[in-house]
$ cat entry10.cif   # mmCIF, C-alpha atoms
data_upload
loop_
_atom_site.label_atom_id
_atom_site.label_comp_id
_atom_site.auth_asym_id
_atom_site.auth_seq_id
_atom_site.Cartn_x
_atom_site.Cartn_y
_atom_site.Cartn_z
CA MET A 27 -27.44 109.40 -56.04
CA ILE A 28 -29.77 110.07 -53.12
CA ASP A 29 -28.47 112.38 -50.43
CA VAL A 30 -29.94 112.07 -46.93
CA LEU A 31 -30.85 114.66 -44.34
CA LEU A 32 -31.73 113.58 -40.81
CA GLY A 33 -31.71 114.72 -37.19
CA LEU A 34 -29.03 113.49 -34.82
CA GLN A 35 -30.72 114.15 -31.47
CA TRP A 36 -34.28 113.64 -30.18
CA GLY A 37 -35.93 115.60 -32.98
CA ASP A 38 -36.59 119.34 -33.34
CA GLU A 39 -33.07 119.97 -34.66
CA GLY A 40 -34.22 122.37 -37.40
CA LYS A 41 -34.56 119.92 -40.29
CA GLY A 42 -37.31 121.88 -42.04
CA LYS A 43 -35.25 125.03 -42.48
CA ILE A 44 -32.22 123.10 -43.71
CA VAL A 45 -34.19 121.05 -46.26
CA ASP A 46 -35.82 124.26 -47.43
CA TYR A 47 -32.37 125.82 -47.86
CA LEU A 48 -30.81 122.82 -49.62
CA ALA A 49 -33.83 122.25 -51.89
CA ASP A 50 -32.47 124.72 -54.45
CA LYS A 51 -29.97 122.12 -55.67
CA TYR A 52 -32.32 119.12 -55.66
CA ASP A 53 -35.03 118.02 -58.08
CA VAL A 54 -36.92 115.74 -55.67
CA ILE A 55 -37.47 115.83 -51.89
CA ALA A 56 -38.72 112.53 -50.44
CA ARG A 57 -39.91 111.87 -46.88
CA PHE A 58 -38.81 108.36 -45.91
CA GLN A 59 -40.34 107.69 -42.47
CA GLY A 60 -42.42 109.03 -39.59
CA GLY A 61 -45.91 110.40 -39.42
CA PRO A 62 -47.81 113.58 -38.52
CA ASN A 63 -45.92 113.79 -35.22
CA ALA A 64 -43.20 115.49 -37.29
CA GLY A 65 -43.18 119.28 -37.16
CA HIS A 66 -40.80 120.81 -39.69
CA THR A 67 -40.87 124.59 -39.26
CA LEU A 68 -40.19 126.92 -42.18
CA TYR A 69 -40.42 130.70 -42.47
CA VAL A 70 -41.81 131.72 -45.85
CA ASN A 71 -41.94 135.45 -46.55
CA GLY A 72 -41.78 136.00 -42.81
CA GLU A 73 -44.69 133.64 -42.15
CA LYS A 74 -44.21 130.58 -39.96
CA VAL A 75 -45.29 127.34 -41.64
CA VAL A 76 -45.19 123.93 -39.95
CA LEU A 77 -45.14 120.84 -42.16
CA HIS A 78 -46.25 117.50 -40.68
CA THR A 79 -46.43 115.12 -43.63
CA ILE A 80 -45.62 117.08 -46.79
CA PRO A 81 -41.88 117.19 -47.66
CA SER A 82 -40.06 120.44 -46.95
CA GLY A 83 -39.19 121.19 -50.58
CA VAL A 84 -42.74 122.21 -51.31
CA PHE A 85 -42.03 125.95 -51.51
CA HIS A 86 -39.50 125.51 -54.33
CA SER A 87 -41.36 125.53 -57.63
CA HIS A 88 -38.87 123.24 -59.39
CA CYS A 89 -39.04 120.51 -56.71
CA LEU A 90 -41.17 117.39 -56.86
CA ASN A 91 -42.16 116.07 -53.42
CA LEU A 92 -42.75 112.42 -52.52
CA ILE A 93 -44.35 111.03 -49.37
CA GLY A 94 -42.56 107.68 -49.25
CA ASN A 95 -43.75 104.22 -48.32
CA GLY A 96 -42.05 104.42 -44.90
CA VAL A 97 -44.39 107.22 -43.82
CA VAL A 98 -47.69 106.60 -42.03
CA ILE A 99 -50.35 109.06 -43.22
CA ASP A 100 -53.30 110.50 -41.37
CA PRO A 101 -55.53 111.62 -44.27
CA VAL A 102 -57.24 114.24 -42.09
CA THR A 103 -53.96 115.85 -41.07
CA LEU A 104 -52.73 115.77 -44.66
CA GLN A 105 -55.93 117.37 -45.93
CA ALA A 106 -55.69 120.17 -43.35
CA GLU A 107 -52.03 120.71 -44.22
CA MET A 108 -52.79 121.00 -47.93
CA LYS A 109 -55.52 123.56 -47.27
CA LYS A 110 -53.05 125.75 -45.41
CA ILE A 111 -50.28 125.44 -47.99
CA VAL A 112 -52.20 125.80 -51.28
CA PRO A 113 -52.87 129.55 -50.75
CA LEU A 114 -49.10 130.02 -50.25
CA CYS A 115 -48.14 127.55 -52.95
CA PRO A 116 -50.89 127.24 -55.61
CA ASP A 117 -49.05 124.58 -57.63
CA LEU A 118 -48.61 122.26 -54.62
CA LEU A 119 -50.85 119.46 -55.89
CA SER A 120 -49.08 119.26 -59.24
CA ARG A 121 -45.76 118.58 -57.47
CA LEU A 122 -46.94 116.30 -54.66
CA TYR A 123 -46.75 112.51 -55.01
CA VAL A 124 -47.72 109.77 -52.55
CA SER A 125 -46.37 106.22 -52.48
CA GLN A 126 -49.12 103.64 -52.80
CA LYS A 127 -47.32 101.54 -50.16
CA ALA A 128 -47.48 104.19 -47.43
CA HIS A 129 -49.71 103.05 -44.54
CA LEU A 130 -52.83 104.82 -43.30
CA ILE A 131 -53.66 105.99 -39.79
CA LEU A 132 -57.28 105.17 -38.96
CA PRO A 133 -59.50 106.84 -36.32
CA THR A 134 -59.24 103.68 -34.22
CA HIS A 135 -55.44 103.89 -34.36
CA ARG A 136 -55.72 107.23 -32.60
CA ALA A 137 -58.11 105.75 -30.04
CA LEU A 138 -55.73 102.86 -29.35
CA ASP A 139 -52.82 105.27 -28.98
CA ALA A 140 -54.67 107.38 -26.41
CA ALA A 141 -55.98 104.39 -24.45
CA SER A 142 -52.62 102.64 -24.37
CA GLU A 143 -50.75 105.74 -23.25
CA ALA A 144 -53.31 106.48 -20.50
CA ALA A 145 -52.99 102.90 -19.22
CA LYS A 146 -49.22 103.29 -18.79
CA GLY A 147 -49.64 105.83 -15.99
CA LYS A 148 -46.26 107.08 -14.79
CA ASP A 149 -44.54 104.90 -17.42
CA LYS A 150 -45.90 106.95 -20.35
CA ILE A 151 -43.49 107.21 -23.27
CA GLY A 152 -44.67 110.69 -24.30
CA SER A 153 -46.68 109.68 -27.36
CA THR A 154 -48.17 112.51 -29.43
CA LEU A 155 -51.41 110.43 -29.47
CA LYS A 156 -51.73 110.66 -33.25
CA GLY A 157 -52.10 106.92 -33.82
CA ILE A 158 -48.62 106.49 -35.26
CA GLY A 159 -47.44 103.65 -33.02
CA PRO A 160 -50.58 101.51 -33.54
CA ALA A 161 -50.40 102.14 -37.31
CA TYR A 162 -46.81 100.87 -37.44
CA MET A 163 -47.84 97.90 -35.26
CA ASP A 164 -50.47 96.96 -37.83
CA LYS A 165 -47.87 97.38 -40.57
CA THR A 166 -45.45 94.93 -38.98
CA GLY A 167 -48.35 92.71 -37.94
CA ARG A 168 -49.43 92.54 -41.59
CA ASN A 169 -52.87 93.97 -40.89
CA GLY A 170 -52.45 97.55 -42.09
CA LEU A 171 -54.24 99.51 -44.78
CA ARG A 172 -52.12 101.26 -47.38
CA VAL A 173 -52.73 104.22 -49.67
CA GLY A 174 -53.11 101.85 -52.63
CA ASP A 175 -56.04 100.20 -50.86
CA ILE A 176 -58.18 103.34 -51.15
CA LEU A 177 -58.28 102.77 -54.92
CA SER A 178 -59.84 99.31 -54.57
CA LYS A 179 -63.60 98.74 -54.69
CA ASN A 180 -63.62 96.89 -51.37
CA PHE A 181 -61.74 99.54 -49.37
CA LYS A 182 -64.68 100.05 -46.97
CA GLU A 183 -64.81 96.31 -46.32
CA LYS A 184 -61.10 96.28 -45.50
CA TYR A 185 -61.55 99.33 -43.28
CA ASP A 186 -64.44 97.74 -41.35
CA LYS A 187 -62.48 94.54 -40.80
CA LEU A 188 -59.47 96.34 -39.34
CA THR A 189 -61.64 98.69 -37.31
CA GLN A 190 -63.47 95.74 -35.73
CA LYS A 191 -60.14 94.28 -34.70
CA HIS A 192 -59.30 97.59 -33.01
CA ILE A 193 -62.69 97.73 -31.29
CA ASP A 194 -62.02 94.33 -29.78
CA MET A 195 -58.61 95.52 -28.60
CA LEU A 196 -60.08 98.66 -27.04
CA LYS A 197 -62.27 96.53 -24.74
CA GLN A 198 -59.25 95.89 -22.52
CA TYR A 199 -58.91 99.60 -21.66
CA ASP A 200 -60.86 101.67 -19.14
CA ASN A 201 -60.41 105.06 -20.80
CA VAL A 202 -61.48 105.00 -24.44
CA VAL A 203 -62.07 108.19 -26.43
CA GLU A 204 -65.16 108.55 -28.59
CA TRP A 205 -63.47 107.83 -31.89
CA LYS A 206 -66.66 107.57 -33.98
CA GLN A 207 -66.68 111.36 -34.29
CA TRP A 208 -63.49 111.09 -36.33
CA GLU A 209 -64.91 108.76 -39.00
CA ALA A 210 -66.76 111.31 -41.14
CA PRO A 211 -63.73 113.62 -41.48
CA PHE A 212 -61.58 110.56 -42.18
CA PHE A 213 -63.65 109.41 -45.16
CA GLU A 214 -63.94 112.98 -46.43
CA ALA A 215 -60.13 113.19 -46.35
CA ILE A 216 -59.87 109.80 -48.10
CA GLU A 217 -61.78 111.28 -51.04
CA GLU A 218 -59.23 114.10 -51.24
CA LEU A 219 -56.37 111.63 -50.97
CA ARG A 220 -57.74 109.70 -53.96
CA LYS A 221 -57.33 112.85 -56.08
CA LEU A 222 -53.59 113.06 -55.42
CA GLN A 223 -50.86 111.56 -57.61
CA ILE A 224 -50.53 108.07 -56.11
CA VAL A 225 -47.47 106.32 -57.49
CA ASN A 226 -45.40 103.17 -57.15
CA GLY A 227 -42.77 105.07 -55.17
CA GLU A 228 -39.76 102.82 -55.71
CA TYR A 229 -40.21 102.73 -59.50
CA TRP A 230 -40.95 106.46 -59.54
CA LEU A 231 -37.67 107.22 -57.74
CA ASP A 232 -35.74 104.78 -59.91
CA MET A 233 -37.04 106.58 -63.00
CA HIS A 234 -35.82 109.93 -61.70
CA LEU A 235 -32.45 108.52 -60.63
CA LYS A 236 -31.90 107.04 -64.10
CA ALA A 237 -32.80 110.42 -65.57
CA GLY A 238 -29.97 111.97 -63.55
CA LYS A 239 -32.19 113.85 -61.12
CA LYS A 240 -30.84 114.88 -57.73
CA ILE A 241 -32.86 113.52 -54.81
CA LEU A 242 -32.80 114.43 -51.12
CA ALA A 243 -34.33 112.00 -48.62
CA GLU A 244 -35.84 113.84 -45.65
CA GLY A 245 -36.14 112.19 -42.26
CA ALA A 246 -38.39 113.04 -39.33
CA GLN A 247 -37.90 112.86 -35.55
CA GLY A 248 -34.24 112.21 -34.62
CA SER A 249 -31.61 109.47 -34.53
CA MET A 250 -31.92 108.96 -30.77
CA LEU A 251 -35.58 108.05 -31.33
CA ASP A 252 -34.74 105.23 -33.75
CA VAL A 253 -36.75 102.12 -32.84
CA ASP A 254 -33.62 99.93 -32.87
CA PHE A 255 -30.82 102.26 -31.79
CA GLY A 256 -32.53 105.00 -29.80
CA THR A 257 -33.35 105.31 -26.10
CA TYR A 258 -35.69 102.31 -26.17
CA PRO A 259 -38.54 102.05 -25.24
CA PHE A 260 -38.84 105.86 -25.33
CA VAL A 261 -38.53 105.93 -29.10
CA THR A 262 -40.63 106.35 -32.22
CA SER A 263 -41.88 103.38 -34.28
CA SER A 264 -39.60 103.64 -37.31
CA ASN A 265 -35.94 103.73 -38.29
CA THR A 266 -34.84 107.35 -38.23
CA ILE A 267 -31.17 106.76 -39.15
CA ALA A 268 -29.74 106.73 -42.69
CA ALA A 269 -30.39 102.99 -43.09
CA GLY A 270 -34.11 103.78 -42.91
CA VAL A 271 -33.90 105.49 -46.30
CA CYS A 272 -33.46 102.17 -48.08
CA ASN A 273 -36.63 100.51 -46.77
CA GLY A 274 -38.49 103.80 -46.37
CA LEU A 275 -38.19 104.67 -50.06
CA GLY A 276 -37.26 101.40 -51.74
CA VAL A 277 -33.74 102.32 -52.84
CA ALA A 278 -30.48 100.35 -52.72
CA PRO A 279 -27.70 101.27 -50.24
CA SER A 280 -25.32 101.81 -53.16
CA ARG A 281 -27.42 104.79 -54.22
CA ILE A 282 -26.88 106.74 -50.98
CA GLY A 283 -24.53 109.71 -51.35
CA GLU A 284 -24.00 112.52 -48.84
CA VAL A 285 -25.49 112.19 -45.37
CA TYR A 286 -26.36 115.53 -43.78
CA GLY A 287 -26.73 115.25 -40.01
CA ILE A 288 -28.34 118.08 -38.04
CA THR A 289 -27.77 118.90 -34.38
CA LYS A 290 -28.67 121.85 -32.23
CA ALA A 291 -25.86 123.61 -30.38
CA TYR A 292 -27.54 122.26 -27.24
CA CYS A 293 -30.06 119.46 -26.57
CA THR A 294 -33.83 119.31 -26.28
CA ARG A 295 -36.41 116.59 -25.91
CA VAL A 296 -40.22 116.56 -25.86
CA GLY A 297 -42.12 114.05 -23.73
CA GLY A 298 -40.74 111.27 -21.56
CA GLY A 299 -37.54 109.31 -21.84
CA PRO A 300 -33.85 109.50 -20.93
CA PHE A 301 -32.01 112.79 -21.34
CA PRO A 302 -28.55 112.59 -19.71
CA THR A 303 -27.68 116.30 -20.01
CA GLU A 304 -31.08 117.71 -19.07
CA LEU A 305 -30.92 120.83 -16.90
CA HIS A 306 -33.54 121.35 -14.21
CA ASP A 307 -32.19 124.73 -13.14
CA GLU A 308 -32.16 128.37 -14.23
CA THR A 309 -29.83 127.57 -17.13
CA GLY A 310 -32.27 125.02 -18.51
CA GLU A 311 -35.11 127.52 -18.27
CA ALA A 312 -32.95 130.20 -19.90
CA LEU A 313 -32.18 127.86 -22.81
CA ARG A 314 -35.89 127.16 -23.25
CA LYS A 315 -36.72 130.86 -23.28
CA ALA A 316 -33.84 131.93 -25.54
CA GLY A 317 -34.53 129.12 -28.01
CA SER A 318 -38.36 129.37 -27.90
CA GLU A 319 -38.37 125.68 -27.16
CA PHE A 320 -41.95 124.55 -27.55
CA GLY A 321 -43.01 121.63 -29.77
CA ALA A 322 -43.97 122.62 -33.33
CA THR A 323 -46.57 119.85 -33.40
CA THR A 324 -47.69 119.55 -29.77
CA GLY A 325 -46.84 122.97 -28.33
CA ARG A 326 -45.41 121.19 -25.29
CA PRO A 327 -42.43 122.84 -23.55
CA ARG A 328 -39.24 121.08 -24.54
CA ARG A 329 -36.83 119.78 -21.94
CA CYS A 330 -33.46 121.51 -22.39
CA GLY A 331 -29.83 120.76 -21.60
CA TRP A 332 -26.24 121.05 -22.78
CA ILE A 333 -25.11 119.34 -25.97
CA ASP A 334 -24.38 115.63 -25.51
CA LEU A 335 -21.36 114.79 -27.65
CA VAL A 336 -21.39 111.14 -26.54
CA ALA A 337 -24.88 110.60 -27.96
CA LEU A 338 -24.03 112.79 -30.95
CA ARG A 339 -20.93 110.78 -31.90
CA TYR A 340 -23.05 107.61 -31.60
CA ALA A 341 -25.62 109.06 -34.02
CA VAL A 342 -22.91 110.23 -36.43
CA MET A 343 -21.44 106.71 -36.41
CA LEU A 344 -24.79 105.00 -37.02
CA SER A 345 -25.60 107.06 -40.12
CA GLY A 346 -22.12 107.71 -41.50
CA VAL A 347 -22.66 111.46 -41.44
CA THR A 348 -20.52 113.22 -44.05
CA LYS A 349 -21.71 116.79 -43.50
CA LEU A 350 -22.59 118.10 -40.04
CA ILE A 351 -25.01 121.00 -39.61
CA VAL A 352 -25.20 122.85 -36.28
CA THR A 353 -28.35 124.90 -35.69
CA LYS A 354 -29.46 127.49 -33.14
CA THR A 355 -25.92 128.58 -32.36
CA ASP A 356 -27.18 132.13 -31.75
CA VAL A 357 -29.20 130.86 -28.77
CA LEU A 358 -25.93 130.38 -26.88
CA ASP A 359 -24.85 134.03 -27.35
CA GLN A 360 -25.79 134.91 -23.77
CA PHE A 361 -24.34 131.85 -22.04
CA THR A 362 -20.94 131.49 -20.38
CA PRO A 363 -19.49 129.04 -19.77
CA ILE A 364 -20.90 126.73 -22.42
CA LYS A 365 -20.73 123.04 -21.61
CA ALA A 366 -20.60 119.83 -23.61
CA ALA A 367 -20.86 116.26 -22.32
CA VAL A 368 -17.77 114.31 -23.42
CA ALA A 369 -18.27 111.14 -21.36
CA TYR A 370 -20.61 109.50 -18.84
CA ILE A 371 -20.05 107.97 -15.43
CA ALA A 372 -22.15 104.81 -15.59
CA ASP A 373 -22.21 102.62 -12.48
CA GLY A 374 -18.97 104.24 -11.34
CA ILE A 375 -17.14 103.66 -14.63
CA GLU A 376 -16.31 106.44 -17.10
CA THR A 377 -17.27 105.68 -20.69
CA GLU A 378 -17.51 107.46 -24.03
CA GLU A 379 -19.91 104.87 -25.44
CA PHE A 380 -23.67 105.30 -25.41
CA PRO A 381 -24.97 102.63 -22.99
CA TYR A 382 -27.43 99.86 -23.80
CA ASP A 383 -29.81 100.73 -20.96
CA VAL A 384 -30.43 104.44 -20.48
CA THR A 385 -33.55 104.91 -18.41
CA ASP A 386 -34.85 107.88 -16.47
CA ASP A 387 -33.69 106.51 -13.13
CA ALA A 388 -30.42 104.99 -14.39
CA SER A 389 -27.20 105.91 -12.64
CA LEU A 390 -25.70 107.98 -15.43
CA THR A 391 -23.78 111.21 -14.82
CA PRO A 392 -22.44 113.37 -17.68
CA VAL A 393 -18.79 114.44 -17.64
CA TYR A 394 -18.65 117.99 -18.98
CA LYS A 395 -16.02 120.04 -20.75
CA ALA A 396 -16.52 123.81 -20.31
CA PHE A 397 -15.87 126.40 -23.02
CA PRO A 398 -15.83 130.19 -22.70
CA GLY A 399 -18.89 131.90 -24.16
CA TRP A 400 -18.50 134.26 -27.13
CA ASP A 401 -20.63 136.89 -25.39
CA THR A 402 -21.53 138.63 -28.64
CA PRO A 403 -24.51 138.37 -31.03
CA ILE A 404 -23.71 136.18 -34.03
CA ALA A 405 -27.11 136.23 -35.78
CA GLY A 406 -26.02 138.89 -38.27
CA ILE A 407 -22.81 137.14 -39.31
CA SER A 408 -22.73 135.45 -42.73
CA ASP A 409 -19.01 134.62 -43.04
CA TYR A 410 -17.33 131.95 -40.92
CA ASP A 411 -14.13 134.01 -40.69
CA GLN A 412 -16.06 136.81 -38.98
CA LEU A 413 -17.21 134.57 -36.12
CA PRO A 414 -15.57 135.06 -32.69
CA GLN A 415 -12.42 132.97 -32.24
CA VAL A 416 -13.84 131.28 -29.13
CA PHE A 417 -16.79 130.12 -31.22
CA LYS A 418 -14.47 128.69 -33.88
CA ASP A 419 -12.38 126.97 -31.21
CA TYR A 420 -15.57 125.38 -29.87
CA CYS A 421 -16.49 124.19 -33.39
CA SER A 422 -13.01 122.72 -33.90
CA PHE A 423 -13.33 120.68 -30.71
CA VAL A 424 -16.75 119.37 -31.76
CA GLU A 425 -15.38 118.34 -35.17
CA GLU A 426 -12.42 116.53 -33.62
CA TYR A 427 -14.57 114.73 -31.05
CA LEU A 428 -17.17 113.62 -33.60
CA GLY A 429 -14.71 112.81 -36.36
CA THR A 430 -16.65 114.72 -39.00
CA LYS A 431 -16.59 118.24 -40.40
CA ILE A 432 -19.15 120.99 -39.85
CA ALA A 433 -20.53 122.06 -43.24
CA TYR A 434 -23.17 124.60 -42.18
CA ILE A 435 -23.89 126.72 -39.13
CA SER A 436 -27.39 128.10 -38.60
CA ASN A 437 -27.43 131.33 -36.60
CA GLY A 438 -31.08 132.39 -36.76
CA THR A 439 -34.55 131.38 -37.89
CA GLY A 440 -34.36 133.19 -41.23
CA ARG A 441 -34.02 131.21 -44.43
CA ASN A 442 -30.68 132.86 -45.24
CA GLN A 443 -29.25 132.85 -41.72
CA LEU A 444 -26.94 129.99 -42.57
CA ILE A 445 -23.14 130.15 -42.68
CA VAL A 446 -21.68 127.88 -45.36
CA ILE A 447 -18.30 126.38 -44.47
CA SER A 448 -17.92 123.64 -47.07
#
$ encode --input "entry10.cif" --output "structure tokens"
Amino acid sequence: MIDVLLGLQWGDEGKGKIVDYLADKYDVIARFQGGPNAGHTLYVNGEKVVLHTIPSGVFHSHCLNLIGNGVVIDPVTLQAEMKKIVPLCPDLLSRLYVSQKAHLILPTHRALDAASEAAKGKDKIGSTLKGIGPAYMDKTGRNGLRVGDILSKNFKEKYDKLTQKHIDMLKQYDNVVEWKQWEAPFFEAIEELRKLQIVNGEYWLDMHLKAGKKILAEGAQGSMLDVDFGTYPFVTSSNTIAAGVCNGLGVAPSRIGEVYGITKAYCTRVGGGPFPTELHDETGEALRKAGSEFGATTGRPRRCGWIDLVALRYAVMLSGVTKLIVTKTDVLDQFTPIKAAVAYIADGIETEEFPYDVTDDASLTPVYKAFPGWDTPIAGISDYDQLPQVFKDYCSFVEEYLGTKIAYISNGTGRNQLIVIS
């Protein structure tokens, strides 16, 4: 069976740490979607490491790591990432595999991303400008280049053809970056990519499943950024929910086992887009400071707010979450009361359903339930029974509202700061 781990909010839920923790009991970690806009933060021997493309099981010597076909790869970013990780993990390359059907991000994809976002003006979606959206557009438009193409003799011809198409598209924009400077590093990185273990990902996974190996599929971004079910159009370009595992790795739905869903104890979002519980006051700033809420990939300050249980229950429903993981609970140590959105007032009507149209200027007001704070540090606690009763009461309410059990509680950045409940 393939177990799944994904974020339930707008990304940055702490997926990297959790995958790193769970990796001990898995043989293979496979990324199934997203691109280098992902920033999975791990702390290895006290050193902060941010992974953008490489799966988060890389620091476990028994784990094989697959970059699946649903991922879009920037060879330059991947090359830089490998250079940083190899000194910490010398056997990285022997345990890293890349699906030949994963798509490539070209220099002109990055140029198109930047030009398109600049042209949107005040309607920007908050793109990380890494070329991910245009790469996925070429994928669905049947124009893209895939990792398997770099092994063909006419790769440069294919590259030139697609690049010319992009050049023609760039003529409609006023502000175009000088992308030619990115070509030399791109082709240098392509040479390094050719040296990696490029595999037919779906057959490779099938082989390991038939051999009885345990596999964990790792998602990027968050459920509320899903291209179909997220806060459209302020979303990413792929399916971030559990269903995305099937087409992002080439596995059948019947092979999906546990679904681990991760949420922070509060909400954050980077870039533009709807955020019903966002706080624009001192509390929001205090959450940002206490949680060190700055993007792992972009460094941008994250928008902060109370946990949104309406959106969270929606995400749990979409992916069939079987094990809930709540991270950054220690950040709320200093807050009282602690609030959670349990409904919305939309156009004067109270609802517990996530609406179809949730835009920045929509008339949507959260209905909050307040809980007493625990007013005590919980970072040093390793046993659930030792947690303050008010904290456990809060957890019980969340479980009842969401209809799923909390399996793990993260109460610090350390690898072992994780309370196991079930």
$ residues_around --input "entry10.cif" --residues "A:Tyr286" --least-positions-apart "6" --cutoff "9 Å" --atoms "only C-alpha atoms" --output "list of chain:residue names"
A:Asp29, A:Val30, A:Leu31, A:Leu32, A:Gly33, A:Val347, A:Thr348, A:Lys349, A:Leu350, A:Ile351, A:Ala433
$ resolve_selection --input "entry10.cif" --expression "the PyMOL selection byres ((chain A and resi 309) around 12)" --output "mmCIF file with C-alpha atoms, in the coordinates of the input"
data_model
loop_
_atom_site.group_PDB
_atom_site.id
_atom_site.type_symbol
_atom_site.label_atom_id
_atom_site.label_comp_id
_atom_site.auth_asym_id
_atom_site.auth_seq_id
_atom_site.Cartn_x
_atom_site.Cartn_y
_atom_site.Cartn_z
ATOM 1 C CA TYR A 292 -27.540 122.260 -27.240
ATOM 2 C CA THR A 303 -27.680 116.300 -20.010
ATOM 3 C CA GLU A 304 -31.080 117.710 -19.070
ATOM 4 C CA LEU A 305 -30.920 120.830 -16.900
ATOM 5 C CA HIS A 306 -33.540 121.350 -14.210
ATOM 6 C CA ASP A 307 -32.190 124.730 -13.140
ATOM 7 C CA GLU A 308 -32.160 128.370 -14.230
ATOM 8 C CA GLY A 310 -32.270 125.020 -18.510
ATOM 9 C CA GLU A 311 -35.110 127.520 -18.270
ATOM 10 C CA ALA A 312 -32.950 130.200 -19.900
ATOM 11 C CA LEU A 313 -32.180 127.860 -22.810
ATOM 12 C CA ARG A 314 -35.890 127.160 -23.250
ATOM 13 C CA LYS A 315 -36.720 130.860 -23.280
ATOM 14 C CA ALA A 316 -33.840 131.930 -25.540
ATOM 15 C CA GLY A 317 -34.530 129.120 -28.010
ATOM 16 C CA ARG A 329 -36.830 119.780 -21.940
ATOM 17 C CA CYS A 330 -33.460 121.510 -22.390
ATOM 18 C CA GLY A 331 -29.830 120.760 -21.600
ATOM 19 C CA TRP A 332 -26.240 121.050 -22.780
ATOM 20 C CA LEU A 358 -25.930 130.380 -26.880
ATOM 21 C CA GLN A 360 -25.790 134.910 -23.770
ATOM 22 C CA PHE A 361 -24.340 131.850 -22.040
ATOM 23 C CA THR A 362 -20.940 131.490 -20.380
ATOM 24 C CA PRO A 363 -19.490 129.040 -19.770
ATOM 25 C CA ILE A 364 -20.900 126.730 -22.420
ATOM 26 C CA LYS A 365 -20.730 123.040 -21.610
#
$ residues_around --input "entry10.cif" --residues "A:Lys187" --least-positions-apart "5" --cutoff "12 Å" --atoms "only C-alpha atoms" --output "list in words"
Leu132, Thr134, Asn169, Gly170, Leu171, Asn180, Phe181, Lys182, His192, Ile193 and Asp194 of chain A
$ write_last_selection --input "entry10.cif" --atoms "C-alpha atoms" --output "JSON list (two decimals), keeping the file's coordinate frame"
[["chain", "number", "residue", "atom", "x", "y", "z"],
["A", 132, "LEU", "CA", -57.28, 105.17, -38.96],
["A", 134, "THR", "CA", -59.24, 103.68, -34.22],
["A", 169, "ASN", "CA", -52.87, 93.97, -40.89],
["A", 170, "GLY", "CA", -52.45, 97.55, -42.09],
["A", 171, "LEU", "CA", -54.24, 99.51, -44.78],
["A", 180, "ASN", "CA", -63.62, 96.89, -51.37],
["A", 181, "PHE", "CA", -61.74, 99.54, -49.37],
["A", 182, "LYS", "CA", -64.68, 100.05, -46.97],
["A", 192, "HIS", "CA", -59.30, 97.59, -33.01],
["A", 193, "ILE", "CA", -62.69, 97.73, -31.29],
["A", 194, "ASP", "CA", -62.02, 94.33, -29.78]]
$ atom_distance --input "entry10.cif" --atom1 "atom CA of A:Val393" --atom2 "atom CA of A:Cys293"
15.2 Å
$ atom_distance --input "entry10.cif" --atom1 "atom CA of A:Lys236" --atom2 "atom CA of A:Ser125"
18.6 Å
$ resolve_selection --input "entry10.cif" --expression "the PyMOL selection byres ((chain A and resi 155) around 8)" --output "list in words"
Arg136, Asp139, Ala140, Glu143, Ser153, Thr154, Lys156, Gly157 and Ile158 of chain A
$ resolve_selection --input "entry10.cif" --expression "the PyMOL selection byres ((chain A and resi 445) around 8)" --output "PDB file with C-alpha atoms, in the coordinates of the input"
ATOM      1  CA  ILE A 407     -22.810 137.140 -39.310  1.00  0.00           C
ATOM      2  CA  SER A 408     -22.730 135.450 -42.730  1.00  0.00           C
ATOM      3  CA  ASP A 409     -19.010 134.620 -43.040  1.00  0.00           C
ATOM      4  CA  TYR A 410     -17.330 131.950 -40.920  1.00  0.00           C
ATOM      5  CA  TYR A 434     -23.170 124.600 -42.180  1.00  0.00           C
ATOM      6  CA  ILE A 435     -23.890 126.720 -39.130  1.00  0.00           C
ATOM      7  CA  SER A 436     -27.390 128.100 -38.600  1.00  0.00           C
ATOM      8  CA  ASN A 437     -27.430 131.330 -36.600  1.00  0.00           C
ATOM      9  CA  GLN A 443     -29.250 132.850 -41.720  1.00  0.00           C
ATOM     10  CA  LEU A 444     -26.940 129.990 -42.570  1.00  0.00           C
ATOM     11  CA  VAL A 446     -21.680 127.880 -45.360  1.00  0.00           C
ATOM     12  CA  ILE A 447     -18.300 126.380 -44.470  1.00  0.00           C
TER      13      ILE A 447
END
$ atom_distance --input "entry10.cif" --atom1 "atom CA of A:Val285" --atom2 "atom CA of A:Pro381"
24.3 Å
$ closest_residue --input "entry10.cif" --among "A:Asp401, A:Glu107, A:Asp53, A:Glu228" --to "A:Cys89" --atoms "only C-alpha atoms"
A:Asp53
$ closest_residue --input "entry10.cif" --among "A:Lys146, A:His78, A:Lys184, A:Arg168" --to "A:Asn63" --atoms "all atoms listed in the file"
A:His78
$ residues_around --input "entry10.cif" --residues "stretch 415-418 of chain A" --least-positions-apart "2" --cutoff "9 Å" --atoms "only C-alpha atoms" --output "list in words"
Phe397, Pro398, Gly399, Trp400, Tyr410, Asp411, Gln412, Leu413, Tyr420, Cys421, Ser422 and Phe423 of chain A
$ write_last_selection --input "entry10.cif" --atoms "C-alpha atoms" --output "mmCIF file, in the frame of the given file"
data_model
loop_
_atom_site.group_PDB
_atom_site.id
_atom_site.type_symbol
_atom_site.label_atom_id
_atom_site.label_comp_id
_atom_site.auth_asym_id
_atom_site.auth_seq_id
_atom_site.Cartn_x
_atom_site.Cartn_y
_atom_site.Cartn_z
ATOM 1 C CA PHE A 397 -15.870 126.400 -23.020
ATOM 2 C CA PRO A 398 -15.830 130.190 -22.700
ATOM 3 C CA GLY A 399 -18.890 131.900 -24.160
ATOM 4 C CA TRP A 400 -18.500 134.260 -27.130
ATOM 5 C CA TYR A 410 -17.330 131.950 -40.920
ATOM 6 C CA ASP A 411 -14.130 134.010 -40.690
ATOM 7 C CA GLN A 412 -16.060 136.810 -38.980
ATOM 8 C CA LEU A 413 -17.210 134.570 -36.120
ATOM 9 C CA TYR A 420 -15.570 125.380 -29.870
ATOM 10 C CA CYS A 421 -16.490 124.190 -33.390
ATOM 11 C CA SER A 422 -13.010 122.720 -33.900
ATOM 12 C CA PHE A 423 -13.330 120.680 -30.710
#
